[in-house]
$ cat upload30.tsv   # TSV, C-alpha atoms and all ligand atoms
chain	number	residue	atom	x	y	z
R	1	MET	CA	7.44	5.45	-21.66
R	2	PHE	CA	8.15	6.79	-18.17
R	3	LYS	CA	5.53	6.35	-15.49
R	4	ASP	CA	4.62	8.19	-12.34
R	5	GLN	CA	2.74	7.17	-9.21
R	6	ILE	CA	-0.68	7.22	-10.85
R	7	HIS	CA	0.39	5.29	-13.89
R	8	PHE	CA	0.72	1.69	-12.74
R	9	MET	CA	-1.95	-0.26	-14.54
R	10	HIS	CA	-3.86	2.13	-16.78
R	11	ILE	CA	-3.18	-0.01	-19.79
R	12	TYR	CA	-6.71	-1.08	-20.62
R	13	ASP	CA	-10.29	-0.17	-19.76
R	14	ALA	CA	-12.15	-2.34	-17.29
R	15	ARG	CA	-15.36	-2.36	-15.27
R	16	LEU	CA	-15.23	-2.24	-11.49
R	17	ILE	CA	-17.16	-5.03	-9.83
R	18	SER	CA	-17.85	-5.47	-6.15
R	19	CYS	CA	-18.17	-8.72	-4.18
R	20	ILE	CA	-21.63	-8.94	-2.62
R	21	VAL	CA	-20.28	-10.89	0.36
R	22	CYS	CA	-17.24	-8.90	1.53
R	23	GLY	CA	-17.56	-5.68	-0.45
R	24	SER	CA	-14.09	-5.82	-2.03
R	25	VAL	CA	-13.74	-4.24	-5.48
R	26	TYR	CA	-12.07	-5.83	-8.51
R	27	ARG	CA	-11.25	-4.99	-12.12
R	28	ASP	CA	-13.22	-6.92	-14.69
R	29	PRO	CA	-11.64	-8.27	-16.78
R	30	CYS	CA	-8.45	-8.64	-14.75
R	31	LEU	CA	-4.99	-9.55	-16.03
R	32	THR	CA	-3.62	-13.05	-15.53
R	33	PRO	CA	-1.02	-13.31	-12.73
R	34	GLN	CA	1.72	-13.78	-15.32
R	35	SER	CA	0.86	-10.70	-17.38
R	36	THR	CA	0.48	-8.63	-14.20
R	37	LEU	CA	4.00	-9.52	-13.12
R	38	GLU	CA	5.37	-8.82	-16.58
R	39	SER	CA	3.78	-5.38	-16.63
R	40	TYR	CA	5.44	-4.45	-13.31
R	41	ARG	CA	8.79	-6.01	-14.10
R	42	ASP	CA	9.36	-3.71	-17.07
R	43	ASP	CA	8.11	-0.56	-15.37
R	44	ASP	CA	10.47	2.23	-16.24
R	45	TYR	CA	11.06	5.26	-14.06
R	46	HIS	CA	13.05	8.36	-14.74
R	47	ASP	CA	16.25	8.60	-12.66
R	48	ASP	CA	15.26	12.08	-11.49
R	49	TRP	CA	11.88	10.79	-10.29
R	50	LEU	CA	13.51	7.96	-8.33
R	51	GLU	CA	16.05	10.32	-6.78
R	52	ALA	CA	13.42	12.97	-5.96
R	53	SER	CA	11.15	10.35	-4.32
R	54	PHE	CA	13.82	8.77	-2.14
R	55	GLU	CA	14.27	11.50	0.44
R	56	PRO	CA	10.54	12.19	1.10
R	57	TYR	CA	9.90	8.44	1.52
R	58	CYS	CA	12.83	8.16	3.95
R	59	ARG	CA	11.41	11.07	5.93
R	60	LEU	CA	7.91	9.57	5.97
R	61	PHE	CA	9.11	6.21	7.28
R	62	LEU	CA	11.63	7.70	9.73
R	63	SER	CA	8.72	9.50	11.39
R	64	ASP	CA	6.84	6.19	11.76
R	65	MET	CA	9.77	4.10	13.03
R	66	PRO	CA	9.39	4.80	16.78
R	67	ARG	CA	5.87	3.34	16.65
R	68	LEU	CA	7.01	0.31	14.62
R	69	VAL	CA	9.99	-0.40	16.89
R	70	HIS	CA	7.67	-0.18	19.88
R	71	GLN	CA	5.30	-2.74	18.30
R	72	VAL	CA	7.81	-5.13	16.69
R	73	GLY	CA	10.77	-4.78	19.06
R	74	ARG	CA	14.42	-3.77	18.78
R	75	ASP	CA	16.99	-5.81	16.83
R	76	ALA	CA	14.28	-7.30	14.62
R	77	ARG	CA	14.91	-9.11	11.35
R	78	VAL	CA	12.32	-7.84	8.89
R	79	LEU	CA	11.28	-8.04	5.25
R	80	GLU	CA	9.60	-5.49	3.02
R	81	ILE	CA	7.67	-6.75	-0.01
R	82	GLY	CA	7.38	-4.19	-2.81
R	83	SER	CA	10.24	-2.10	-1.47
R	84	GLN	CA	10.14	0.51	-4.27
R	85	VAL	CA	12.80	3.23	-3.88
R	86	GLY	CA	13.82	1.88	-0.46
R	87	GLY	CA	12.57	4.59	1.92
R	88	PHE	CA	11.32	2.14	4.52
R	89	GLN	CA	14.48	0.03	4.39
R	90	PHE	CA	16.60	3.13	4.83
R	91	ALA	CA	14.57	4.16	7.91
R	92	ALA	CA	14.55	0.62	9.37
R	93	LYS	CA	18.35	0.42	9.06
R	94	GLN	CA	18.73	3.72	10.93
R	95	TYR	CA	16.80	2.14	13.80
R	96	GLY	CA	19.06	-0.90	13.89
R	97	TRP	CA	16.80	-3.44	12.19
R	98	ASP	CA	18.22	-6.14	9.93
R	99	VAL	CA	16.09	-5.44	6.88
R	100	ARG	CA	15.71	-7.15	3.49
R	101	GLY	CA	13.59	-5.85	0.63
R	102	LEU	CA	12.24	-7.23	-2.58
R	103	ASP	CA	10.57	-5.72	-5.59
R	104	ILE	CA	9.71	-7.03	-8.99
R	105	GLY	CA	10.78	-3.84	-10.77
R	106	THR	CA	14.26	-4.09	-12.29
R	107	LYS	CA	14.87	-0.35	-12.35
R	108	MET	CA	13.47	0.17	-8.82
R	109	THR	CA	15.70	-2.48	-7.28
R	110	GLN	CA	18.80	-1.23	-9.10
R	111	PHE	CA	18.11	2.21	-7.66
R	112	ALA	CA	17.56	0.89	-4.11
R	113	ARG	CA	20.79	-1.14	-4.27
R	114	SER	CA	22.64	2.01	-5.36
R	115	LYS	CA	21.56	3.43	-1.96
R	116	GLY	CA	23.32	0.54	-0.18
R	117	LEU	CA	20.12	-1.40	0.58
R	118	ASP	CA	19.76	-5.18	0.59
R	119	VAL	CA	17.15	-5.71	-2.12
R	120	TYR	CA	16.24	-8.70	-4.28
R	121	THR	CA	14.71	-8.43	-7.73
R	122	GLY	CA	11.78	-10.83	-8.00
R	123	THR	CA	8.69	-12.09	-6.23
R	124	LEU	CA	8.55	-13.54	-2.71
R	125	HIS	CA	8.09	-17.02	-4.22
R	126	ASP	CA	11.23	-16.63	-6.37
R	127	ILE	CA	13.49	-16.00	-3.41
R	128	ARG	CA	12.72	-18.91	-1.04
R	129	PHE	CA	13.56	-17.49	2.39
R	130	SER	CA	13.80	-20.01	5.27
R	131	ASP	CA	10.84	-20.93	7.48
R	132	ASP	CA	10.27	-18.57	10.45
R	133	GLU	CA	13.02	-16.24	9.20
R	134	PHE	CA	11.45	-12.86	10.00
R	135	ASP	CA	10.04	-11.06	13.03
R	136	ALA	CA	7.88	-8.84	10.81
R	137	VAL	CA	6.86	-8.44	7.17
R	138	PHE	CA	5.74	-5.10	5.68
R	139	VAL	CA	3.73	-4.65	2.50
R	140	TRP	CA	3.37	-0.88	2.13
R	141	SER	CA	0.91	0.10	-0.61
R	142	CYS	CA	1.46	-2.83	-2.91
R	143	PHE	CA	-0.67	-5.71	-1.61
R	144	GLU	CA	-3.48	-4.41	-3.83
R	145	MET	CA	-1.27	-5.10	-6.87
R	146	ILE	CA	-0.41	-8.70	-6.02
R	147	PRO	CA	-2.21	-11.00	-8.48
R	148	ASP	CA	-2.58	-14.04	-6.17
R	149	PRO	CA	-3.04	-12.79	-2.58
R	150	TRP	CA	-3.80	-16.26	-1.19
R	151	SER	CA	-0.51	-17.82	-2.22
R	152	GLU	CA	1.36	-14.64	-1.23
R	153	LEU	CA	-0.12	-14.80	2.29
R	154	LEU	CA	0.76	-18.50	2.61
R	155	GLU	CA	4.36	-17.69	1.77
R	156	ILE	CA	4.42	-14.70	4.17
R	157	HIS	CA	3.03	-17.01	6.84
R	158	ARG	CA	5.84	-19.52	6.19
R	159	VAL	CA	8.68	-16.97	6.42
R	160	LEU	CA	7.28	-15.24	9.54
R	161	ARG	CA	8.01	-16.71	12.94
R	162	LYS	CA	5.04	-17.60	15.16
R	163	GLY	CA	3.75	-14.36	16.68
R	164	GLY	CA	5.58	-12.36	13.98
R	165	LYS	CA	3.77	-9.28	12.69
R	166	LEU	CA	2.44	-8.43	9.27
R	167	TYR	CA	1.64	-4.84	8.21
R	168	ILE	CA	-0.29	-4.04	5.05
R	169	THR	CA	-1.43	-0.65	3.75
R	170	ILE	CA	-4.01	-0.64	0.97
R	171	PRO	CA	-6.53	1.63	-0.69
R	172	ASN	CA	-9.88	1.02	1.01
R	173	GLY	CA	-12.41	-0.75	-1.24
R	174	ASP	CA	-15.27	0.62	0.87
R	175	PHE	CA	-14.07	4.20	0.30
R	176	ILE	CA	-13.64	3.64	-3.44
R	177	LYS	CA	-17.20	2.28	-3.78
R	178	LEU	CA	-18.72	4.99	-1.62
R	179	VAL	CA	-17.08	7.88	-3.44
R	180	HIS	CA	-17.45	6.59	-6.99
R	181	ARG	CA	-21.16	5.99	-6.38
R	182	PHE	CA	-21.55	9.36	-4.72
R	183	ILE	CA	-19.99	11.49	-7.45
R	184	ARG	CA	-22.46	10.09	-9.99
R	185	GLN	CA	-25.44	11.42	-7.97
R	186	LYS	CA	-27.07	14.76	-8.71
R	187	ILE	CA	-26.72	15.95	-5.12
R	188	ALA	CA	-22.95	15.55	-5.44
R	189	MET	CA	-22.67	18.21	-8.16
R	190	PRO	CA	-21.76	21.18	-5.89
R	191	ILE	CA	-18.86	19.30	-4.27
R	192	ARG	CA	-17.86	17.15	-7.21
R	193	GLU	CA	-14.68	19.09	-7.89
R	194	PRO	CA	-13.20	18.93	-4.38
R	195	VAL	CA	-14.09	15.24	-4.19
R	196	LEU	CA	-12.30	14.59	-7.48
R	197	LYS	CA	-9.31	16.52	-6.16
R	198	LEU	CA	-9.27	14.37	-3.04
R	199	LEU	CA	-9.31	11.25	-5.22
R	200	ALA	CA	-6.45	12.60	-7.32
R	201	TYR	CA	-4.35	13.48	-4.25
R	202	GLY	CA	-5.01	10.03	-2.82
R	203	ILE	CA	-4.09	8.40	-6.20
R	204	LEU	CA	-7.59	6.95	-6.35
R	205	LEU	CA	-8.96	8.89	-9.30
R	206	GLY	CA	-8.60	5.82	-11.48
R	207	PHE	CA	-8.59	2.28	-10.20
R	208	SER	CA	-5.08	1.11	-10.98
R	209	PHE	CA	-5.05	-1.94	-8.74
R	210	GLN	CA	-5.83	-5.64	-8.94
R	211	ALA	CA	-8.17	-5.43	-5.98
R	212	GLY	CA	-9.63	-2.79	-3.67
R	213	TYR	CA	-9.99	-4.83	-0.49
R	214	SER	CA	-12.65	-3.79	1.96
R	215	PRO	CA	-11.65	-4.11	5.65
R	216	VAL	CA	-14.05	-7.09	5.89
R	217	GLY	CA	-12.61	-8.74	2.76
R	218	LEU	CA	-8.99	-8.42	3.83
R	219	ASN	CA	-9.86	-9.53	7.35
R	220	TYR	CA	-11.39	-12.70	5.88
R	221	ILE	CA	-8.41	-13.72	3.74
R	222	LEU	CA	-5.94	-12.93	6.53
R	223	ASN	CA	-7.93	-14.99	8.98
R	224	GLN	CA	-8.20	-17.91	6.56
R	225	SER	CA	-4.45	-17.69	5.89
R	226	GLY	CA	-3.48	-18.19	9.53
R	227	PHE	CA	-3.25	-14.63	10.87
R	228	SER	CA	-4.94	-13.41	14.02
R	229	ARG	CA	-5.28	-10.29	16.18
R	230	ILE	CA	-6.19	-8.35	13.03
R	231	SER	CA	-6.66	-4.59	13.46
R	232	VAL	CA	-7.59	-2.02	10.83
R	233	LYS	CA	-7.09	1.73	11.06
R	234	ASN	CA	-7.61	4.79	8.86
R	235	LEU	CA	-4.40	6.15	7.43
R	236	VAL	CA	-3.44	9.70	6.62
R	237	TYR	CA	-1.69	8.74	3.58
R	238	VAL	CA	0.68	8.05	1.70
R	239	PRO	CA	1.53	9.02	-1.88
R	240	VAL	CA	4.65	10.99	-1.34
R	241	THR	CA	5.33	13.97	-3.58
R	242	SER	CA	8.56	15.90	-3.29
R	243	ALA	CA	8.96	19.65	-3.62
R	244	LYS	CA	10.61	18.98	-6.98
R	245	GLN	CA	7.50	17.25	-8.32
R	246	ALA	CA	4.86	19.83	-7.37
R	247	SER	CA	4.61	23.46	-6.29
R	248	GLN	CA	4.39	24.41	-2.63
R	249	LYS	CA	0.77	25.50	-3.14
R	250	VAL	CA	-0.22	22.12	-4.54
R	251	LEU	CA	1.60	20.26	-1.75
R	252	GLU	CA	-0.21	22.33	0.87
R	253	GLU	CA	-3.57	21.75	-0.77
R	254	LYS	CA	-2.90	18.03	-1.00
R	255	GLU	CA	-2.05	17.87	2.69
R	256	ARG	CA	-5.20	19.81	3.57
R	257	TYR	CA	-7.46	17.52	1.52
R	258	LEU	CA	-5.98	14.33	2.93
R	259	LYS	CA	-6.20	15.71	6.48
R	260	ILE	CA	-9.88	16.63	6.08
R	261	ALA	CA	-10.61	13.15	4.66
R	262	HIS	CA	-8.81	11.64	7.65
R	263	ILE	CA	-10.74	13.72	10.20
R	264	LEU	CA	-14.08	12.79	8.56
R	265	SER	CA	-13.22	9.08	8.41
R	266	GLU	CA	-12.07	9.12	12.03
R	267	ALA	CA	-15.36	10.77	13.01
R	268	VAL	CA	-17.25	7.96	11.23
R	269	ARG	CA	-15.11	5.35	13.00
R	270	TYR	CA	-15.76	6.97	16.36
R	271	LEU	CA	-19.53	7.32	15.83
R	272	SER	CA	-19.86	3.74	14.57
R	273	LEU	CA	-17.93	2.44	17.61
R	274	GLY	CA	-15.08	1.27	15.41
R	275	ARG	CA	-17.25	-0.71	12.98
R	276	ARG	CA	-17.00	1.57	9.93
R	277	ILE	CA	-13.51	2.24	8.56
R	278	ILE	CA	-14.05	4.37	5.45
R	279	GLY	CA	-10.82	6.36	5.04
R	280	PRO	CA	-9.24	6.42	1.55
R	281	TRP	CA	-6.27	4.30	2.68
R	282	ILE	CA	-6.10	1.86	5.57
R	283	GLU	CA	-3.42	0.03	7.53
R	284	VAL	CA	-4.01	-3.55	8.57
R	285	ARG	CA	-1.84	-5.11	11.26
R	286	CYS	CA	-1.98	-8.74	12.33
R	287	GLU	CA	0.04	-11.59	13.80
R	288	ARG	CA	1.08	-14.94	12.42
R	289	PHE	CA	-0.88	-17.57	14.27
R	301	ZN	ZN	-15.63	-11.14	-1.29

$ encode --input "upload30.tsv" --output "structure tokens"
Amino acid sequence: MFKDQIHFMHIYDARLISCIVCGSVYRDPCLTPQSTLESYRDDDYHDDWLEASFEPYCRLFLSDMPRLVHQVGRDARVLEIGSQVGGFQFAAKQYGWDVRGLDIGTKMTQFARSKGLDVYTGTLHDIRFSDDEFDAVFVWSCFEMIPDPWSELLEIHRVLRKGGKLYITIPNGDFIKLVHRFIRQKIAMPIREPVLKLLAYGILLGFSFQAGYSPVGLNYILNQSGFSRISVKNLVYVPVTSAKQASQKVLEEKERYLKIAHILSEAVRYLSLGRRIIGPWIEVRCERF
């Protein structure tokens, strides 16, 4: 069966539970690490979908590269974990970075290699990079799928040089909790439909992840894993849809919904003096200590 962006892990029903200490959200029951990896490894994607996704992802990351080069530096050696179709690697190469990628998906990595990108098939632990090998590591929208985040972060810490940067984008556990509680309330009825649309456009209608980290929860595990100078920001995200995959009207509506969500979450951040980050997706940036 072919899968699209919203069909990663919808293979069984589960409850959502929330940690009372950090607020992160988890599936209960969750898959074992081994069965999680197996389910991603065999993911199959239609060639047309891969091809149609490549160009919009390249465009998205090309527009972000000036910021990343400014923060990481020129001539950097970098790694992307969960490199998918290779849009980030393509953009990083254009800006002169020496970039490696890895992904567990066999079909994904074959596709990325066909675009001339340097991609491994497997997990970070399989590959055994050298100590201090990279100036930066990027985990764009896949950290939430990693079954053992603690051991993954230890390994990222080992392959990053001291002061090297780590970027992670994830769905925000705080947003997921807030919205899923809200839409069950009576007062939510009049705006239930637009809220559901926002969830669908943000690929958060179902919970297809291993974990929905709250900013506090992710901050904690990063800190305990030897990362410092941790900053969290709201993201206007992320799920890329090409003109071949949806009509112009739908694309425009999607953009409008995600923009409104971003403006509202930025207003909350501003009014709470930076303490409340409630956007649907967030970016976390930190440094190896
Ligand atoms: Zn917790």

$ closest_atom_pairs --input "upload30.tsv" --of "chain R" --to "ligand ZN 301 (chain R)" --cutoff "9 Å" --atoms "all atoms listed in the file" --output "CSV"
residue,atom,partner,partner_atom,distance
R:Ser18,CA,R:ZN301,ZN,7.8
R:Cys19,CA,R:ZN301,ZN,4.5
R:Ile20,CA,R:ZN301,ZN,6.5
R:Val21,CA,R:ZN301,ZN,4.9
R:Cys22,CA,R:ZN301,ZN,3.9
R:Gly23,CA,R:ZN301,ZN,5.9
R:Ser24,CA,R:ZN301,ZN,5.6
R:Val25,CA,R:ZN301,ZN,8.3
R:Tyr213,CA,R:ZN301,ZN,8.5
R:Ser214,CA,R:ZN301,ZN,8.6
R:Val216,CA,R:ZN301,ZN,8.4
R:Gly217,CA,R:ZN301,ZN,5.6
R:Leu218,CA,R:ZN301,ZN,8.8
R:Tyr220,CA,R:ZN301,ZN,8.5

$ write_last_selection --input "upload30.tsv" --atoms "C-alpha atoms" --output "mmCIF file, in the frame of the given file"
data_model
loop_
_atom_site.group_PDB
_atom_site.id
_atom_site.type_symbol
_atom_site.label_atom_id
_atom_site.label_comp_id
_atom_site.auth_asym_id
_atom_site.auth_seq_id
_atom_site.Cartn_x
_atom_site.Cartn_y
_atom_site.Cartn_z
ATOM 1 C CA SER R 18 -17.850 -5.470 -6.150
ATOM 2 C CA CYS R 19 -18.170 -8.720 -4.180
ATOM 3 C CA ILE R 20 -21.630 -8.940 -2.620
ATOM 4 C CA VAL R 21 -20.280 -10.890 0.360
ATOM 5 C CA CYS R 22 -17.240 -8.900 1.530
ATOM 6 C CA GLY R 23 -17.560 -5.680 -0.450
ATOM 7 C CA SER R 24 -14.090 -5.820 -2.030
ATOM 8 C CA VAL R 25 -13.740 -4.240 -5.480
ATOM 9 C CA TYR R 213 -9.990 -4.830 -0.490
ATOM 10 C CA SER R 214 -12.650 -3.790 1.960
ATOM 11 C CA VAL R 216 -14.050 -7.090 5.890
ATOM 12 C CA GLY R 217 -12.610 -8.740 2.760
ATOM 13 C CA LEU R 218 -8.990 -8.420 3.830
ATOM 14 C CA TYR R 220 -11.390 -12.700 5.880
#

$ residues_around --input "upload30.tsv" --residues "stretch 98-108 of chain R" --least-positions-apart "2" --cutoff "8 Å" --atoms "all atoms listed in the file" --output "number ranges by chain"
R: 37, 40-45, 50, 75-86, 89, 92-93, 96, 110-112, 117-124

$ residues_around --input "upload30.tsv" --residues "R:Ser35" --least-positions-apart "2" --cutoff "12 Å" --atoms "only C-alpha atoms" --output "tab-separated table (two decimals) with C-alpha atoms, in the frame of the given file"
chain	number	residue	atom	x	y	z
R	9	MET	CA	-1.95	-0.26	-14.54
R	11	ILE	CA	-3.18	-0.01	-19.79
R	30	CYS	CA	-8.45	-8.64	-14.75
R	31	LEU	CA	-4.99	-9.55	-16.03
R	32	THR	CA	-3.62	-13.05	-15.53
R	33	PRO	CA	-1.02	-13.31	-12.73
R	37	LEU	CA	4.00	-9.52	-13.12
R	38	GLU	CA	5.37	-8.82	-16.58
R	39	SER	CA	3.78	-5.38	-16.63
R	40	TYR	CA	5.44	-4.45	-13.31
R	41	ARG	CA	8.79	-6.01	-14.10
R	42	ASP	CA	9.36	-3.71	-17.07
R	146	ILE	CA	-0.41	-8.70	-6.02
R	147	PRO	CA	-2.21	-11.00	-8.48
R	210	GLN	CA	-5.83	-5.64	-8.94

$ atom_distance --input "upload30.tsv" --atom1 "atom CA of R:Glu144" --atom2 "atom CA of R:Ala211"
5.3 Å

$ atom_distance --input "upload30.tsv" --atom1 "atom CA of R:Ile168" --atom2 "atom CA of R:Val232"
9.5 Å

$ closest_residue --input "upload30.tsv" --among "R:Pro56, R:Gly226, R:Gly73, R:Gly279" --to "R:His157" --atoms "all atoms listed in the file"
R:Gly226

$ atom_distance --input "upload30.tsv" --atom1 "atom CA of R:Leu154" --atom2 "atom CA of R:Asp131"
11.5 Å

$ closest_residue --input "upload30.tsv" --among "R:Ile221, R:Lys165, R:Gly87, R:Val284" --to "R:Asp148" --atoms "all atoms listed in the file"
R:Ile221

$ closest_residue --input "upload30.tsv" --among "R:Glu253, R:Asp174, R:Tyr95, R:Ile263" --to "R:Arg67" --atoms "all atoms listed in the file"
R:Tyr95

$ closest_residue --input "upload30.tsv" --among "R:Arg128, R:Phe289, R:Pro280, R:Lys249" --to "R:Gly173" --atoms "all atoms listed in the file"
R:Pro280

$ closest_residue --input "upload30.tsv" --among "R:Ile170, R:Leu160, R:Ile282, R:Val137" --to "R:Leu68" --atoms "all atoms listed in the file"
R:Val137

$ axis_aligned_box --input "upload30.tsv" --around "stretch 117-130 of chain R" --padding-each-side "4 Å" --output "lines of an AutoDock Vina configuration file"
center_x = 14.1
center_y = -10.7
center_z = -1.4
size_x = 20.0
size_y = 26.6
size_z = 21.3

$ closest_residue --input "upload30.tsv" --among "R:Leu222, R:Leu204, R:Ala261, R:Val72" --to "R:Gly164" --atoms "only C-alpha atoms"
R:Val72

$ build_atoms --input "upload30.tsv" --residues "stretch 201-227 of chain R" --atoms "N, CA and C atoms" --output "PDB file, in the frame of the given file"
ATOM      1  N   TYR R 201      -5.434  13.402  -5.233  1.00  0.00           N
ATOM      2  CA  TYR R 201      -4.350  13.480  -4.250  1.00  0.00           C
ATOM      3  C   TYR R 201      -4.124  12.146  -3.550  1.00  0.00           C
ATOM      4  N   GLY R 202      -5.160  11.343  -3.458  1.00  0.00           N
ATOM      5  CA  GLY R 202      -5.010  10.030  -2.820  1.00  0.00           C
ATOM      6  C   GLY R 202      -4.682   8.930  -3.808  1.00  0.00           C
ATOM      7  N   ILE R 203      -4.300   9.290  -5.032  1.00  0.00           N
ATOM      8  CA  ILE R 203      -4.090   8.400  -6.200  1.00  0.00           C
ATOM      9  C   ILE R 203      -5.206   7.379  -6.381  1.00  0.00           C
ATOM     10  N   LEU R 204      -6.454   7.853  -6.196  1.00  0.00           N
ATOM     11  CA  LEU R 204      -7.590   6.950  -6.350  1.00  0.00           C
ATOM     12  C   LEU R 204      -8.564   7.435  -7.425  1.00  0.00           C
ATOM     13  N   LEU R 205      -8.088   8.341  -8.266  1.00  0.00           N
ATOM     14  CA  LEU R 205      -8.960   8.890  -9.300  1.00  0.00           C
ATOM     15  C   LEU R 205      -9.319   7.803 -10.323  1.00  0.00           C
ATOM     16  N   GLY R 206      -8.335   7.025 -10.691  1.00  0.00           N
ATOM     17  CA  GLY R 206      -8.600   5.820 -11.480  1.00  0.00           C
ATOM     18  C   GLY R 206      -8.466   4.630 -10.556  1.00  0.00           C
ATOM     19  N   PHE R 207      -8.782   3.463 -11.032  1.00  0.00           N
ATOM     20  CA  PHE R 207      -8.590   2.280 -10.200  1.00  0.00           C
ATOM     21  C   PHE R 207      -7.472   1.468 -10.828  1.00  0.00           C
ATOM     22  N   SER R 208      -6.255   1.665 -10.313  1.00  0.00           N
ATOM     23  CA  SER R 208      -5.080   1.110 -10.980  1.00  0.00           C
ATOM     24  C   SER R 208      -4.599  -0.163 -10.303  1.00  0.00           C
ATOM     25  N   PHE R 209      -5.490  -0.804  -9.558  1.00  0.00           N
ATOM     26  CA  PHE R 209      -5.050  -1.940  -8.740  1.00  0.00           C
ATOM     27  C   PHE R 209      -5.700  -3.242  -9.196  1.00  0.00           C
ATOM     28  N   GLN R 210      -5.186  -4.355  -8.688  1.00  0.00           N
ATOM     29  CA  GLN R 210      -5.830  -5.640  -8.940  1.00  0.00           C
ATOM     30  C   GLN R 210      -7.112  -5.758  -8.130  1.00  0.00           C
ATOM     31  N   ALA R 211      -7.034  -5.299  -6.876  1.00  0.00           N
ATOM     32  CA  ALA R 211      -8.170  -5.430  -5.980  1.00  0.00           C
ATOM     33  C   ALA R 211      -8.224  -4.241  -5.035  1.00  0.00           C
ATOM     34  N   GLY R 212      -9.448  -3.805  -4.708  1.00  0.00           N
ATOM     35  CA  GLY R 212      -9.630  -2.790  -3.670  1.00  0.00           C
ATOM     36  C   GLY R 212     -10.279  -3.504  -2.496  1.00  0.00           C
ATOM     37  N   TYR R 213      -9.446  -4.038  -1.586  1.00  0.00           N
ATOM     38  CA  TYR R 213      -9.990  -4.830  -0.490  1.00  0.00           C
ATOM     39  C   TYR R 213     -10.778  -3.957   0.465  1.00  0.00           C
ATOM     40  N   SER R 214     -11.934  -4.445   0.869  1.00  0.00           N
ATOM     41  CA  SER R 214     -12.650  -3.790   1.960  1.00  0.00           C
ATOM     42  C   SER R 214     -12.023  -4.314   3.256  1.00  0.00           C
ATOM     43  N   PRO R 215     -12.177  -3.583   4.381  1.00  0.00           N
ATOM     44  CA  PRO R 215     -11.650  -4.110   5.650  1.00  0.00           C
ATOM     45  C   PRO R 215     -12.187  -5.515   5.935  1.00  0.00           C
ATOM     46  N   VAL R 216     -13.471  -5.764   5.637  1.00  0.00           N
ATOM     47  CA  VAL R 216     -14.050  -7.090   5.890  1.00  0.00           C
ATOM     48  C   VAL R 216     -13.396  -8.146   4.981  1.00  0.00           C
ATOM     49  N   GLY R 217     -13.201  -7.798   3.710  1.00  0.00           N
ATOM     50  CA  GLY R 217     -12.610  -8.740   2.760  1.00  0.00           C
ATOM     51  C   GLY R 217     -11.190  -9.122   3.124  1.00  0.00           C
ATOM     52  N   LEU R 218     -10.385  -8.120   3.490  1.00  0.00           N
ATOM     53  CA  LEU R 218      -8.990  -8.420   3.830  1.00  0.00           C
ATOM     54  C   LEU R 218      -8.929  -9.206   5.145  1.00  0.00           C
ATOM     55  N   ASN R 219      -9.781  -8.822   6.075  1.00  0.00           N
ATOM     56  CA  ASN R 219      -9.860  -9.530   7.350  1.00  0.00           C
ATOM     57  C   ASN R 219     -10.127 -11.031   7.108  1.00  0.00           C
ATOM     58  N   TYR R 220     -11.023 -11.307   6.175  1.00  0.00           N
ATOM     59  CA  TYR R 220     -11.390 -12.700   5.880  1.00  0.00           C
ATOM     60  C   TYR R 220     -10.187 -13.485   5.328  1.00  0.00           C
ATOM     61  N   ILE R 221      -9.499 -12.921   4.313  1.00  0.00           N
ATOM     62  CA  ILE R 221      -8.410 -13.720   3.740  1.00  0.00           C
ATOM     63  C   ILE R 221      -7.222 -13.836   4.701  1.00  0.00           C
ATOM     64  N   LEU R 222      -7.015 -12.817   5.535  1.00  0.00           N
ATOM     65  CA  LEU R 222      -5.940 -12.930   6.530  1.00  0.00           C
ATOM     66  C   LEU R 222      -6.261 -14.020   7.543  1.00  0.00           C
ATOM     67  N   ASN R 223      -7.489 -14.001   7.994  1.00  0.00           N
ATOM     68  CA  ASN R 223      -7.930 -14.990   8.980  1.00  0.00           C
ATOM     69  C   ASN R 223      -7.812 -16.406   8.432  1.00  0.00           C
ATOM     70  N   GLN R 224      -8.264 -16.589   7.197  1.00  0.00           N
ATOM     71  CA  GLN R 224      -8.200 -17.910   6.560  1.00  0.00           C
ATOM     72  C   GLN R 224      -6.770 -18.343   6.267  1.00  0.00           C
ATOM     73  N   SER R 225      -5.850 -17.371   6.205  1.00  0.00           N
ATOM     74  CA  SER R 225      -4.450 -17.690   5.890  1.00  0.00           C
ATOM     75  C   SER R 225      -3.600 -17.874   7.143  1.00  0.00           C
ATOM     76  N   GLY R 226      -4.235 -17.892   8.305  1.00  0.00           N
ATOM     77  CA  GLY R 226      -3.480 -18.190   9.530  1.00  0.00           C
ATOM     78  C   GLY R 226      -2.956 -16.971  10.271  1.00  0.00           C
ATOM     79  N   PHE R 227      -3.635 -15.826  10.108  1.00  0.00           N
ATOM     80  CA  PHE R 227      -3.250 -14.630  10.870  1.00  0.00           C
ATOM     81  C   PHE R 227      -4.359 -14.279  11.851  1.00  0.00           C
TER      82      PHE R 227
END
